[in-house]
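Worksheet: one structure, shown below.
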Amino acid sequence: MNQTVRPLPQPIRIGHSACPHDCPSTCALEVEVLDERTIGRVRGAPDNSYTAGVICAKVARYAERIHHPDRLLQPMRRTGPKGSGSYAPIAWDDALDLVAEKFLEAERRFGAQSVWPYYYAGTMGLVQRDGIHRLRHAKKYSGFHSTICVNAAYTGFAAGTGRIAGVDPREMSKSDVIVIWGTNPVSTQVNVMTHAARARKERGTKIVAVDVYMNGTMEQADLAVMVKPGTDGALACAVMHCLFRDGKADWDYLDRYTDAPRELEAHLKTRDPQWASAITGCPVETIEAFAKLVGENKRSYFRLGYGFSRSRNGPVNMHAAACIPAVTGAWLHEGGGAFHNNADIYHWNKSLIEGQDVRDPSVRMIDQSRIGAALTGDREALKDGPPVAAMLIQNTNPVSVCPDQEVVKRGFAREDLFVCVHEQFMTETARMADVVLPATMFMEHDDVYQSGGHQHIILGPKLIEPPGECRPNHAVICGLAKRLGAEHPGFNMTAREIIDATLQKSGWGTLERLERDKWIDCQPDFETAHYLKGFAYPDGKFRFKPDWPRVPFRSAYPAGPAEKMPKLPDHWTIIEEADAEHPFRLATSPSRGFLNSTFNETKSSQAQNRGRPDVMIHPDDARAAGIADGAEVVIGNKRGQVRLHAKVYEGVRRGVLIAESIWPNDAYPDGRGINTVTGADAIAPYGGAAFHDNRVWIKPFG
C-alpha cells in the first residue's frame with residue numbers, strides 16, 4: 001500500500017554558530033532552527049574558508065544530543081550516599097545558597113585556598129569556559145594548573161619556534177607533501193583531512209601519516225609510518241640523519257635561522273634508520289622513504305597533533321618532529337613549514353572574562369591532572385597547603401577522564417568534601433556531587449570562540465531557549481559571586497556585554513561587527529606565519545637546543561624531571577617501557593564516535609564505536625596469550641585492572657595495545673574505565689598526563 005510520507009519540519013531560520021567542543025577545528029556552523037526550543041540539521045558553514053562546509057558526524061547529529069531525554073533539567077541535592085545517584089529536586093536559589101554556604105564554611109575552617117574551582121574544555125567558549133577564573137581570582141581560591149591536554153605538545157612546539165603559531169593550514173592546498181603526525185583527523189579533526197585530500201586530488205600531493213596504529217588517517221595515507229608509542233623522537237632523528245647524509249639540509253637557511261645546526265648534524269651521526277628502527281619498530285625502508293619525500297619536496301607541510309601530549313617524552317618528541325622542516329628550510333616556501341596550533345595570534349585582553357586584574361600570584365596552583373592525589377591529601381599535590389574542602393566543577397568529568405582513576409574515585413568519595421557539579425547529563429562526576437545544577441548547551445547561550453586549528457574568531461550566539469531550568473555557566477558564576485561577596489565588573493555584565501567589551505579591548509572590533517560578519521580571519525601575514533622575519537626568540541633563531549625550563553609557555557609552572565631532558569633532539573627513554581611483568585604498552589587513543597567523554601550518551605555514537613569498549617591486540621600476541629577475537633580480557637598494572645573485550649587486529653605492532661576511548665565507567669563490566677591504568681605523574685617541564693604511555697599486562701578473563 002502507498003503510505004503518506006510525513007514531511008520534515010521546515011526551519012524558521014538558519015542560525016550561525018561555532019562548534020564548542022574540545023577539537024581544534026572549531027567548525028563554523030549553520031543550524032536549522034525549527035522553533036524557539038528545537039533545532040534540526042547542523043551543517044558546516046560553506047562560506048568559512050577553513051570549515052568549507054564539512055563537519056564531523058558527531059556534530060552533524062547534534063539534535064540527538066541537545067534534545068536527549070536524559071538531559072539534566074532541574075537543580076538537585078544529594079539525599080543518599082555518595083555515588084548512589086539518590087537526589088531530590090531543589091530550587092535554584094536554595095541550591096546556590098547551599099553552595100555558597102559550604103564554600104564560606106570551608107573558608108572559615110581552612111582558608112580560601114581550600115576551595116578549588118575545577119573546569120576544562122566541555123565548552124571552548126571564552127566566556128562560559130573561562131569565567132570560572134573570575135570567581136577564583138576574586139575570592140583567592142586555589143589556582144588551577146591546566147595540564148590534561150596541551151602542555152607537552154605546546155611546549156615541544158614552542159621549544160623550537162618560541163611561539164604557538166605556524167603556517168596557515170589553508171596553505172595545505174599548495175603543499176607537495178603533507179605530514180600528519182600525532183593526530184588522526186579522520187576521527188578527530190575532519191577538516192585537516194578534507195584540506196589534505198583536496199590537495200592530493202588537485203595537485204597530486206602526497207600524504208604521510210605517522211601514528212601508533214593503523215587508524216582511519218593511516219589507512220588513507222600514501223605513506224603510513226607506524227611507530228611504537230613514545231618513539232616519535234627516534235623517528236624524527238633518523239629522518240634528519242638522512243637529510244644531512246643525503247645533502248638535503250638547506251645550509252643557507254640553517255645558518256641564517258637556526259641556533260646549532262652543525263652541532264645537530266654531529267649529534268645525529270649515530271641516529272641512523274637502523275638505530276631508529278630498533279626503537280620504533282618501523283622498517284628501515286619506510287624511514288628512508290619518509291626522509292626522501294620530505295627531502296626532495298621543499299613544500300612539505302608538517303601538521304603536528306596532540307598525540308605528542310600523551311607521552312612522558314612528548315615535548316621532546318614534538319620538538320624533534322618540528323625540527324625537520326627547519327633542517328630542510330621548508331618554512332621558506334608557501335605550503336611548507338609546520339603548524340600545531342594558533343593560540344598566540346589572538347592577543348586577547350581577558351580581564352573581564354577571567355578577572356586577571358584581581359589575580360593574586362601567591363595563591364597556590366593545583367595540578368588538574370593530579371586531582372586524585374590532591375583530593376586524597378598528598379602534600380606535594382597540595383603544595384603543603386590546606387586540604388581541598390569544596391569544589392565547583394564545570395565543563396569536565398574528572399571521575400571518567402582523569403588519570404589514576406582509583407585514586408580519583410577515593411578522593412571524590414570523601415564525606416568531608418563538598419562538590420557542586422554544573423552539568424548537562426548525570427555523568428560519573430555528577431553522581432559523586434552533593435549538588436547538581438543543570439547546564440545549557442552551546443546553542444542555548446551566547447559565547448565567542450577562537451580556533452586552535454585555524455585562524456578565526458567565531459561568534460556563537462544563543463539560538464534557542466534551553467529546556468527545563470538549565471542555566472549557563474556565566475549565570476551560575478555570577479549567582480555565586482553575589483552570595484559569596486566577590487566583586488568584579490564582570491559579575492554585573494551579561495555574556496553579550498562581556499563579549500563586546502573583550503573584542504574591543506583586544507582590538508577585534510565590536511560585537512555588532514562580529515554578528516554581521518559571523519567570524520574574523522586573524523591569520524598573520526605570510527612572513528610572520530613562516531617566521532621569515534625570525535623566530536620568536538630574541539635572536540630570531542629556531543632552537544635545536546632549547547632551554548627546556550625556560551621555554552615560553554602560558555602557564556610555566558615547573559613539573560616533572562626537566563633536568564633530565566635531552567639538550568638536542570633525541571629518543572628520551574623516560575617512557576613506561578614494557579618489562580617482564582608488563583610486556584605490553586597501551587595507548588588510549590581518541591575514538592571517532594566520542595570526544596573525550598562527550599557524546600558517549602548518544603546512541604549513534606555508541607553504535608559507531610561498536611557498542612562496547614574493546615582493546616586492539618596483534619593476532620600473534622593474541623594467539624600467544626590464548627585470546628580470541630571478541631573474548632573478554634583483563635588488562636592491568638600497578639594502578640588497577642580493567643575488563644573489556646579483545647579486538648584482534650593486524651594494524652597494531654606486536655607488544656602494543658590500543659583502547660579507543662573514553663567510554664563511561666559503567667560501560668565496563670566491573671565499572672572501571674580505561675583511565676584506571678593511566679598514570680598521573682607529571683610530564684616535564686610544565687606538567688601533563690601521559691594517557692598513551694602505559695605498560696600493562698593482558699590476559700583472558702576468568
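Chain labels A, B, ... are given in the sequence in which chains occur in the C-alpha cells; within each chain residues are numbered consecutively from 1, and ligands are likewise numbered from 1 in the order shown.
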
In region 320-543 of chain A, DSSP helix (DSSP H, G or I) residues written as a ChimeraX atom specification: /A:320-328,330-332,343-345,351-354,356-358,368-375,398-401,405-412,430-432,442-444,473-484,489-492,495-505,511-517,526-529

Strand (DSSP E) per DSSP on the backbone: members of region 460-612 of chain A, as an MDAnalysis selection string: chainID A and resid 460 519:521 584:587

Quote the spacing between CA of Leu73 (chain A) and CA of Asp446 (chain A) in Å to one decimal place. 19.2 Å

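Nearest to Pro561 (chain A) of all the residues A:Leu463, A:Ile574, A:Ile90, A:Ala501 is A:Ile574, counting only C-alpha atoms.
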
Compare A:Val435, A:Val179, A:Ile393, A:Ala343 by their minimum atom-to-atom distance to Ala322 (chain A), counting only C-alpha atoms, and give me the closest one.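 When distances to Ala322 (chain A) are compared using only C-alpha atoms, the smallest one comes from A:Val179.
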
Contact residues around Asp681 (chain A) with only C-alpha atoms at 8 Å, ignoring same-chain residues under 4 positions, as a PyMOL selection string: chain A and resi 370+560+689-690

Gap from CA of Asp94 (chain A) to CA of Leu480 (chain A) - Å, one decimal: 11.4 Å

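Rounded to one decimal, CA of Ile279 (chain A) and CA of His241 (chain A) lie 15.3 Å from each other.
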